[in-house]
Amino acid sequence: MDTSFDMFIETEVPENELIISRTNLSGVITYANETFARISGYDVDELVGKPHSVVRHPDMPKSVFKDLWDTLALGKNWQGVVKNRRSDNGYYWVHADISGVYKDGKLIEYKSLRSPVDRETKIKMQNHYDALRKTEEKNSRVVLYLTDEQLEAIAKVI
């Protein structure tokens, strides 16, 4: 059982940089800039060809992504605050602006521009997402301190 605390380490998105990516219509990454790679803990080559959900954090409610895809399907831009997971299980928050890319009037891919989020918004959104997951998915995020004996007993059960 992994008891490391990497999942609690936040990477800050620099104020003067944008995270940029493009995906095909199925959400597979076709382009990732160096900032995206650095902040997410991957190399660009590791990101390209992977579904964008590779950075989906388990704190994010499924309904947020349903809304994202439903909005894009209507031909509209989607904007929102997203908590992403790094390759080392740490995390980072972004404000995402996602829109379609068109060629000769036909939708060919999606582009996403992501920028930093202030501390107050992160706290507000974490609380909001926790409430959504509890209501919609019937699960809760918990931090719990156990004795070694309790941890060993739980590990035998799960």
# chains A, B, ... in the order shown; residues from 1 in each chain; ligands from 1
$ residues_around --residues "segment 53-56 of chain A" --least-positions-apart "5" --cutoff "9 Å" --atoms "only C-alpha atoms" --output "tab-separated table (two decimals) with N, CA and C atoms, in the first residue's frame"
chain	number	residue	atom	x	y	z
A	27	GLY	N	-10.39	13.42	-28.26
A	27	GLY	CA	-9.70	13.83	-27.05
A	27	GLY	C	-8.28	13.31	-26.92
A	28	VAL	N	-7.71	12.78	-28.00
A	28	VAL	CA	-6.33	12.30	-27.98
A	28	VAL	C	-5.42	13.48	-28.32
A	40	SER	N	2.94	19.29	-16.16
A	40	SER	CA	2.30	17.99	-15.92
A	40	SER	C	3.29	16.89	-15.54
A	47	LEU	N	3.09	12.81	-23.96
A	47	LEU	CA	1.73	13.33	-24.01
A	47	LEU	C	1.06	13.10	-25.35
A	82	VAL	N	-10.06	23.63	-13.64
A	82	VAL	CA	-9.80	22.19	-13.63
A	82	VAL	C	-8.59	21.88	-12.75
A	83	LYS	N	-8.71	20.83	-11.97
A	83	LYS	CA	-7.58	20.31	-11.20
A	83	LYS	C	-7.04	19.12	-11.99
A	84	ASN	N	-5.77	19.18	-12.36
A	84	ASN	CA	-5.14	18.11	-13.13
A	84	ASN	C	-4.12	17.36	-12.29
A	85	ARG	N	-3.89	16.11	-12.67
A	85	ARG	CA	-2.90	15.27	-11.98
A	85	ARG	C	-1.62	15.24	-12.79
A	86	ARG	N	-0.51	15.39	-12.08
A	86	ARG	CA	0.82	15.29	-12.69
A	86	ARG	C	1.23	13.82	-12.81
A	87	SER	N	2.28	13.57	-13.54
A	87	SER	CA	2.80	12.21	-13.70
A	87	SER	C	3.28	11.62	-12.38
A	91	TYR	N	-0.39	17.63	-8.30
A	91	TYR	CA	-1.49	18.24	-9.04
A	91	TYR	C	-1.19	19.69	-9.37
$ residues_around --residues "segment 131-133 of chain A" --least-positions-apart "2" --cutoff "12 Å" --atoms "only C-alpha atoms" --output "list in words"
Pro58, Asp59, Met60, Pro61, Lys62, Ser63, Val64, Lys124, Met125, Gln126, Asn127, His128, Tyr129, Thr135, Glu136, Glu137, Lys138, Asn139, Ser140 and Arg141 of chain A
$ write_last_selection --atoms "N, CA and C atoms" --output "PDB file, in the first residue's frame"
ATOM      1  N   PRO A  58      -8.419  12.586  -9.865  1.00  0.00           N
ATOM      2  CA  PRO A  58      -9.606  11.909  -9.313  1.00  0.00           C
ATOM      3  C   PRO A  58     -10.524  12.833  -8.517  1.00  0.00           C
ATOM      4  N   ASP A  59     -10.057  14.012  -8.139  1.00  0.00           N
ATOM      5  CA  ASP A  59     -10.933  14.975  -7.456  1.00  0.00           C
ATOM      6  C   ASP A  59     -11.953  15.603  -8.402  1.00  0.00           C
ATOM      7  N   MET A  60     -11.729  15.496  -9.698  1.00  0.00           N
ATOM      8  CA  MET A  60     -12.626  16.128 -10.665  1.00  0.00           C
ATOM      9  C   MET A  60     -13.886  15.283 -10.873  1.00  0.00           C
ATOM     10  N   PRO A  61     -15.054  15.884 -10.659  1.00  0.00           N
ATOM     11  CA  PRO A  61     -16.311  15.151 -10.882  1.00  0.00           C
ATOM     12  C   PRO A  61     -16.510  14.834 -12.360  1.00  0.00           C
ATOM     13  N   LYS A  62     -17.083  13.677 -12.633  1.00  0.00           N
ATOM     14  CA  LYS A  62     -17.350  13.276 -14.019  1.00  0.00           C
ATOM     15  C   LYS A  62     -18.285  14.258 -14.715  1.00  0.00           C
ATOM     16  N   SER A  63     -19.187  14.874 -13.947  1.00  0.00           N
ATOM     17  CA  SER A  63     -20.162  15.794 -14.543  1.00  0.00           C
ATOM     18  C   SER A  63     -19.500  17.018 -15.176  1.00  0.00           C
ATOM     19  N   VAL A  64     -18.343  17.419 -14.679  1.00  0.00           N
ATOM     20  CA  VAL A  64     -17.638  18.566 -15.260  1.00  0.00           C
ATOM     21  C   VAL A  64     -17.212  18.228 -16.686  1.00  0.00           C
ATOM     22  N   LYS A 124     -12.311  27.499  -3.387  1.00  0.00           N
ATOM     23  CA  LYS A 124     -13.739  27.485  -3.725  1.00  0.00           C
ATOM     24  C   LYS A 124     -14.072  26.285  -4.619  1.00  0.00           C
ATOM     25  N   MET A 125     -13.248  26.068  -5.648  1.00  0.00           N
ATOM     26  CA  MET A 125     -13.532  24.984  -6.599  1.00  0.00           C
ATOM     27  C   MET A 125     -13.291  23.614  -5.982  1.00  0.00           C
ATOM     28  N   GLN A 126     -12.271  23.476  -5.127  1.00  0.00           N
ATOM     29  CA  GLN A 126     -12.055  22.184  -4.465  1.00  0.00           C
ATOM     30  C   GLN A 126     -13.272  21.832  -3.619  1.00  0.00           C
ATOM     31  N   ASN A 127     -13.796  22.793  -2.871  1.00  0.00           N
ATOM     32  CA  ASN A 127     -14.990  22.547  -2.059  1.00  0.00           C
ATOM     33  C   ASN A 127     -16.203  22.220  -2.927  1.00  0.00           C
ATOM     34  N   HIS A 128     -16.345  22.942  -4.026  1.00  0.00           N
ATOM     35  CA  HIS A 128     -17.458  22.694  -4.959  1.00  0.00           C
ATOM     36  C   HIS A 128     -17.353  21.289  -5.569  1.00  0.00           C
ATOM     37  N   TYR A 129     -16.164  20.933  -6.026  1.00  0.00           N
ATOM     38  CA  TYR A 129     -15.985  19.619  -6.639  1.00  0.00           C
ATOM     39  C   TYR A 129     -16.159  18.489  -5.628  1.00  0.00           C
ATOM     40  N   THR A 135     -22.372  14.190  -3.939  1.00  0.00           N
ATOM     41  CA  THR A 135     -23.766  14.116  -4.376  1.00  0.00           C
ATOM     42  C   THR A 135     -23.948  13.199  -5.585  1.00  0.00           C
ATOM     43  N   GLU A 136     -23.125  13.387  -6.602  1.00  0.00           N
ATOM     44  CA  GLU A 136     -23.315  12.691  -7.876  1.00  0.00           C
ATOM     45  C   GLU A 136     -22.706  11.298  -7.912  1.00  0.00           C
ATOM     46  N   GLU A 137     -21.544  11.144  -7.304  1.00  0.00           N
ATOM     47  CA  GLU A 137     -20.814   9.885  -7.427  1.00  0.00           C
ATOM     48  C   GLU A 137     -20.763   9.096  -6.129  1.00  0.00           C
ATOM     49  N   LYS A 138     -21.289   9.695  -5.060  1.00  0.00           N
ATOM     50  CA  LYS A 138     -21.329   9.032  -3.746  1.00  0.00           C
ATOM     51  C   LYS A 138     -19.941   8.638  -3.265  1.00  0.00           C
ATOM     52  N   ASN A 139     -18.952   9.536  -3.478  1.00  0.00           N
ATOM     53  CA  ASN A 139     -17.620   9.291  -2.934  1.00  0.00           C
ATOM     54  C   ASN A 139     -17.049  10.567  -2.342  1.00  0.00           C
ATOM     55  N   SER A 140     -16.143  10.405  -1.426  1.00  0.00           N
ATOM     56  CA  SER A 140     -15.558  11.535  -0.713  1.00  0.00           C
ATOM     57  C   SER A 140     -14.050  11.379  -0.626  1.00  0.00           C
ATOM     58  N   ARG A 141     -13.374  12.498  -0.652  1.00  0.00           N
ATOM     59  CA  ARG A 141     -11.926  12.543  -0.459  1.00  0.00           C
ATOM     60  C   ARG A 141     -11.677  12.594   1.040  1.00  0.00           C
TER      61      ARG A 141
END
$ select_by_dssp --residues "segment 8-144 of chain A" --states "helix (DSSP H, G or I)" --output "MDAnalysis selection string"
chainID A and resid 8 34:40 44:47 52:55 62:73 119:137
$ residues_around --residues "Asn77 of chain A" --least-positions-apart "6" --cutoff "7 Å" --atoms "only C-alpha atoms" --output "list in words"
Thr71, Ile98 and Ser99 of chain A
$ write_last_selection --atoms "N, CA and C atoms" --output "compact mmCIF listing (two decimals), in the first residue's frame"
# COMPACT_ATOMS: atom_id res chain seq x y z
N THR A 71 -20.95 20.80 -24.19
CA THR A 71 -20.80 22.18 -24.66
C THR A 71 -20.05 22.22 -25.99
N ILE A 98 -11.46 26.03 -23.82
CA ILE A 98 -11.39 24.99 -24.85
C ILE A 98 -12.36 25.35 -25.97
N SER A 99 -11.88 25.23 -27.20
CA SER A 99 -12.72 25.57 -28.35
C SER A 99 -12.38 24.68 -29.54
$ residues_around --residues "Gly49 of chain A" --least-positions-apart "5" --cutoff "10 Å" --atoms "only C-alpha atoms" --output "list in words"
Thr23, Asn24, Gly27, Val28, Ile29, Thr30, Tyr31 and Val44 of chain A
$ write_last_selection --atoms "C-alpha atoms" --output "CSV table (one decimal), in the first residue's frame"
chain,number,residue,atom,x,y,z
A,23,THR,CA,-6.6,17.1,-29.4
A,24,ASN,CA,-8.3,15.2,-32.1
A,27,GLY,CA,-9.7,13.8,-27.1
A,28,VAL,CA,-6.3,12.3,-28.0
A,29,ILE,CA,-3.5,14.8,-27.7
A,30,THR,CA,-2.0,15.8,-31.0
A,31,TYR,CA,0.1,18.8,-29.7
A,44,VAL,CA,6.0,16.2,-24.9
$ select_by_dssp --residues "segment 7-158 of chain A" --states "strand (DSSP E)" --output "MDAnalysis selection string"
chainID A and resid 19:23 29:32 78:85 91:103 106:115
$ residues_around --residues "Ser115 of chain A" --least-positions-apart "5" --cutoff "7 Å" --atoms "only C-alpha atoms" --output "PDB file with C-alpha atoms, in the first residue's frame"
ATOM      1  CA  LEU A  18       0.076  29.423 -21.038  1.00  0.00           C
ATOM      2  CA  ILE A  19      -0.395  25.690 -21.173  1.00  0.00           C
ATOM      3  CA  VAL A  94      -5.764  25.736 -14.355  1.00  0.00           C
ATOM      4  CA  HIS A  95      -8.421  27.897 -15.886  1.00  0.00           C
ATOM      5  CA  ALA A  96      -9.164  26.133 -19.173  1.00  0.00           C
TER       6      ALA A  96
END
